[in-house]
Amino acid sequence: MHRSAFAGLAVAVLATSAQAQAPAHAQAPDPAHTQGSEHAPGHAQSADEAQVRTVVTAYKDAIERMDVSQTPALFWSDSEIFENGGVEGSFAYYLEHHLGPEFADLAGFDFRNHEMKVEVDGDTAFVSETYTYHITFKDSARAPIERRGAATSVLRKRGDEWRFDVYHSSARPFRPAA
């Protein structure tokens with residue numbers, strides 16, 4: 001199925017709609033679980049949520065290792081990638097024309113302050129992440145880059161397998177608190 005460039009907007013609308021339709025008690029944060037924390041005792045994590053977290057974490061870890069050789073298995077072949085206001089196309093295209101070539105120049109990529117929120121609704125999962133990242137280059141004359149980033153993604157379950165269907169990330173210069 002081919003999605004248009006408006007898929008990212010549709011994700012936002014779906015997520016907003018799901019929150020609006022949820023009972024009022026479902027919108028309030030669970031005091032036993034805060035964004036980015038591990039599940040506290042008494043808060044059962046579903047098997048699907050655990051699998052979604054595993055897929056998202058595997059992608060983050062691959063980026064940090066700068067070894068994306070196994071990442072195509074995390075994305076459906078008809079997935080779409082959006083980054084910093086641009087449509088990157090399928091993950092295969094993104095990997096070949098964007099992510100892969102960029103890693104050739106990097107010496108290090110480190111995520112910090114990573115927080116993840118996951119909501120599973122049937123065979124669809126909505127994920128939001130916030131983080132900062134630090135990039136260093138092989139060419140020591142290039143200054144390191146520090147950014148604050150956010151990612152939203154939709155994962156779909158087909159059969160018994162969860163993979164990314166839509167992935168959107170953006171970043172801005174890191175501005176430390178004054």
# chains A, B, ... in the order shown; residues from 1 in each chain; ligands from 1
$ select_by_dssp --residues "range 45-168 of chain A" --states "helix (DSSP H, G or I)" --output "number ranges by chain"
A: 47-65, 71-74, 91-103
$ residues_around --residues "Leu95 in chain A" --least-positions-apart "2" --cutoff "12 Å" --atoms "only C-alpha atoms" --output "list in words"
Ile63, Met66, Asp67, Val68, Ser69, Gln70, Thr71, Pro72, Phe75, Glu80, Ile81, Glu88, Gly89, Ser90, Phe91, Ala92, Tyr93, His97, His98, Leu99, Gly100, Pro101, Glu102 and Phe103 of chain A
$ write_last_selection --atoms "N, CA and C atoms" --output "mmCIF file, in the first residue's frame"
data_model
loop_
_atom_site.group_PDB
_atom_site.id
_atom_site.type_symbol
_atom_site.label_atom_id
_atom_site.label_comp_id
_atom_site.auth_asym_id
_atom_site.auth_seq_id
_atom_site.Cartn_x
_atom_site.Cartn_y
_atom_site.Cartn_z
ATOM 1 N N ILE A 63 21.747 2.534 15.501
ATOM 2 C CA ILE A 63 22.233 3.880 15.161
ATOM 3 C C ILE A 63 23.448 4.213 16.033
ATOM 4 N N MET A 66 26.368 2.490 14.938
ATOM 5 C CA MET A 66 26.633 2.869 13.545
ATOM 6 C C MET A 66 26.779 1.621 12.676
ATOM 7 N N ASP A 67 25.967 0.644 12.990
ATOM 8 C CA ASP A 67 25.896 -0.594 12.214
ATOM 9 C C ASP A 67 24.428 -0.833 11.879
ATOM 10 N N VAL A 68 24.036 -0.397 10.716
ATOM 11 C CA VAL A 68 22.637 -0.486 10.312
ATOM 12 C C VAL A 68 22.384 -1.677 9.397
ATOM 13 N N SER A 69 23.303 -2.626 9.372
ATOM 14 C CA SER A 69 23.183 -3.774 8.472
ATOM 15 C C SER A 69 21.939 -4.620 8.754
ATOM 16 N N GLN A 70 21.493 -4.661 9.993
ATOM 17 C CA GLN A 70 20.331 -5.480 10.345
ATOM 18 C C GLN A 70 19.034 -4.676 10.417
ATOM 19 N N THR A 71 19.100 -3.363 10.243
ATOM 20 C CA THR A 71 17.906 -2.530 10.425
ATOM 21 C C THR A 71 16.816 -2.715 9.373
ATOM 22 N N PRO A 72 17.106 -3.125 8.134
ATOM 23 C CA PRO A 72 15.990 -3.319 7.198
ATOM 24 C C PRO A 72 14.938 -4.303 7.721
ATOM 25 N N PHE A 75 11.807 -2.716 9.502
ATOM 26 C CA PHE A 75 10.874 -1.883 8.740
ATOM 27 C C PHE A 75 10.148 -2.734 7.698
ATOM 28 N N GLU A 80 7.409 4.186 5.278
ATOM 29 C CA GLU A 80 7.821 5.505 4.806
ATOM 30 C C GLU A 80 8.540 6.240 5.934
ATOM 31 N N ILE A 81 9.563 6.993 5.536
ATOM 32 C CA ILE A 81 10.404 7.722 6.471
ATOM 33 C C ILE A 81 10.263 9.218 6.200
ATOM 34 N N GLU A 88 11.533 11.078 2.971
ATOM 35 C CA GLU A 88 12.715 10.291 2.613
ATOM 36 C C GLU A 88 12.367 9.056 1.794
ATOM 37 N N GLY A 89 11.093 8.686 1.742
ATOM 38 C CA GLY A 89 10.678 7.500 0.990
ATOM 39 C C GLY A 89 10.727 6.251 1.849
ATOM 40 N N SER A 90 10.985 5.118 1.230
ATOM 41 C CA SER A 90 11.040 3.850 1.953
ATOM 42 C C SER A 90 12.299 3.801 2.817
ATOM 43 N N PHE A 91 12.318 2.859 3.763
ATOM 44 C CA PHE A 91 13.514 2.719 4.584
ATOM 45 C C PHE A 91 14.707 2.295 3.738
ATOM 46 N N ALA A 92 14.477 1.425 2.754
ATOM 47 C CA ALA A 92 15.577 0.989 1.881
ATOM 48 C C ALA A 92 16.211 2.196 1.186
ATOM 49 N N TYR A 93 15.390 3.108 0.680
ATOM 50 C CA TYR A 93 15.894 4.307 0.015
ATOM 51 C C TYR A 93 16.632 5.200 1.023
ATOM 52 N N HIS A 97 20.507 6.172 0.554
ATOM 53 C CA HIS A 97 20.802 7.545 0.108
ATOM 54 C C HIS A 97 21.024 8.553 1.231
ATOM 55 N N HIS A 98 20.745 8.167 2.453
ATOM 56 C CA HIS A 98 20.841 9.148 3.523
ATOM 57 C C HIS A 98 21.637 8.598 4.710
ATOM 58 N N LEU A 99 21.044 7.656 5.412
ATOM 59 C CA LEU A 99 21.640 7.159 6.651
ATOM 60 C C LEU A 99 22.986 6.475 6.428
ATOM 61 N N GLY A 100 23.045 5.538 5.502
ATOM 62 C CA GLY A 100 24.286 4.818 5.228
ATOM 63 C C GLY A 100 25.447 5.733 4.874
ATOM 64 N N PRO A 101 25.283 6.608 3.872
ATOM 65 C CA PRO A 101 26.379 7.513 3.510
ATOM 66 C C PRO A 101 26.809 8.442 4.647
ATOM 67 N N GLU A 102 25.862 8.881 5.476
ATOM 68 C CA GLU A 102 26.227 9.767 6.587
ATOM 69 C C GLU A 102 27.159 9.069 7.577
ATOM 70 N N PHE A 103 26.917 7.796 7.842
ATOM 71 C CA PHE A 103 27.738 7.076 8.804
ATOM 72 C C PHE A 103 29.191 6.965 8.356
#
$ closest_atom_pairs --of "range 60-135 of chain A" --to "range 145-165 of chain A" --cutoff "6 Å" --atoms "only C-alpha atoms" --output "CSV"
residue,atom,partner,partner_atom,distance
A:Leu74,CA,A:Arg163,CA,5.0
A:Phe75,CA,A:Phe164,CA,4.5
A:Trp76,CA,A:Asp165,CA,5.9
A:Ser79,CA,A:Asp165,CA,4.4
A:Asp123,CA,A:Lys157,CA,4.8
A:Thr124,CA,A:Arg156,CA,4.8
A:Ala125,CA,A:Leu155,CA,5.1
A:Phe126,CA,A:Val154,CA,4.8
A:Val127,CA,A:Ser153,CA,5.2
A:Ser128,CA,A:Thr152,CA,4.5
A:Glu129,CA,A:Ala151,CA,5.1
A:Thr130,CA,A:Ala150,CA,4.4
A:Tyr131,CA,A:Gly149,CA,5.3
A:Thr132,CA,A:Arg148,CA,4.2
A:Tyr133,CA,A:Arg147,CA,5.5
A:His134,CA,A:Glu146,CA,4.6
A:Ile135,CA,A:Ile145,CA,5.0
$ atom_distance --atom1 "CA of Glu49 in chain A" --atom2 "CA of Asn84 in chain A"
26.9 Å
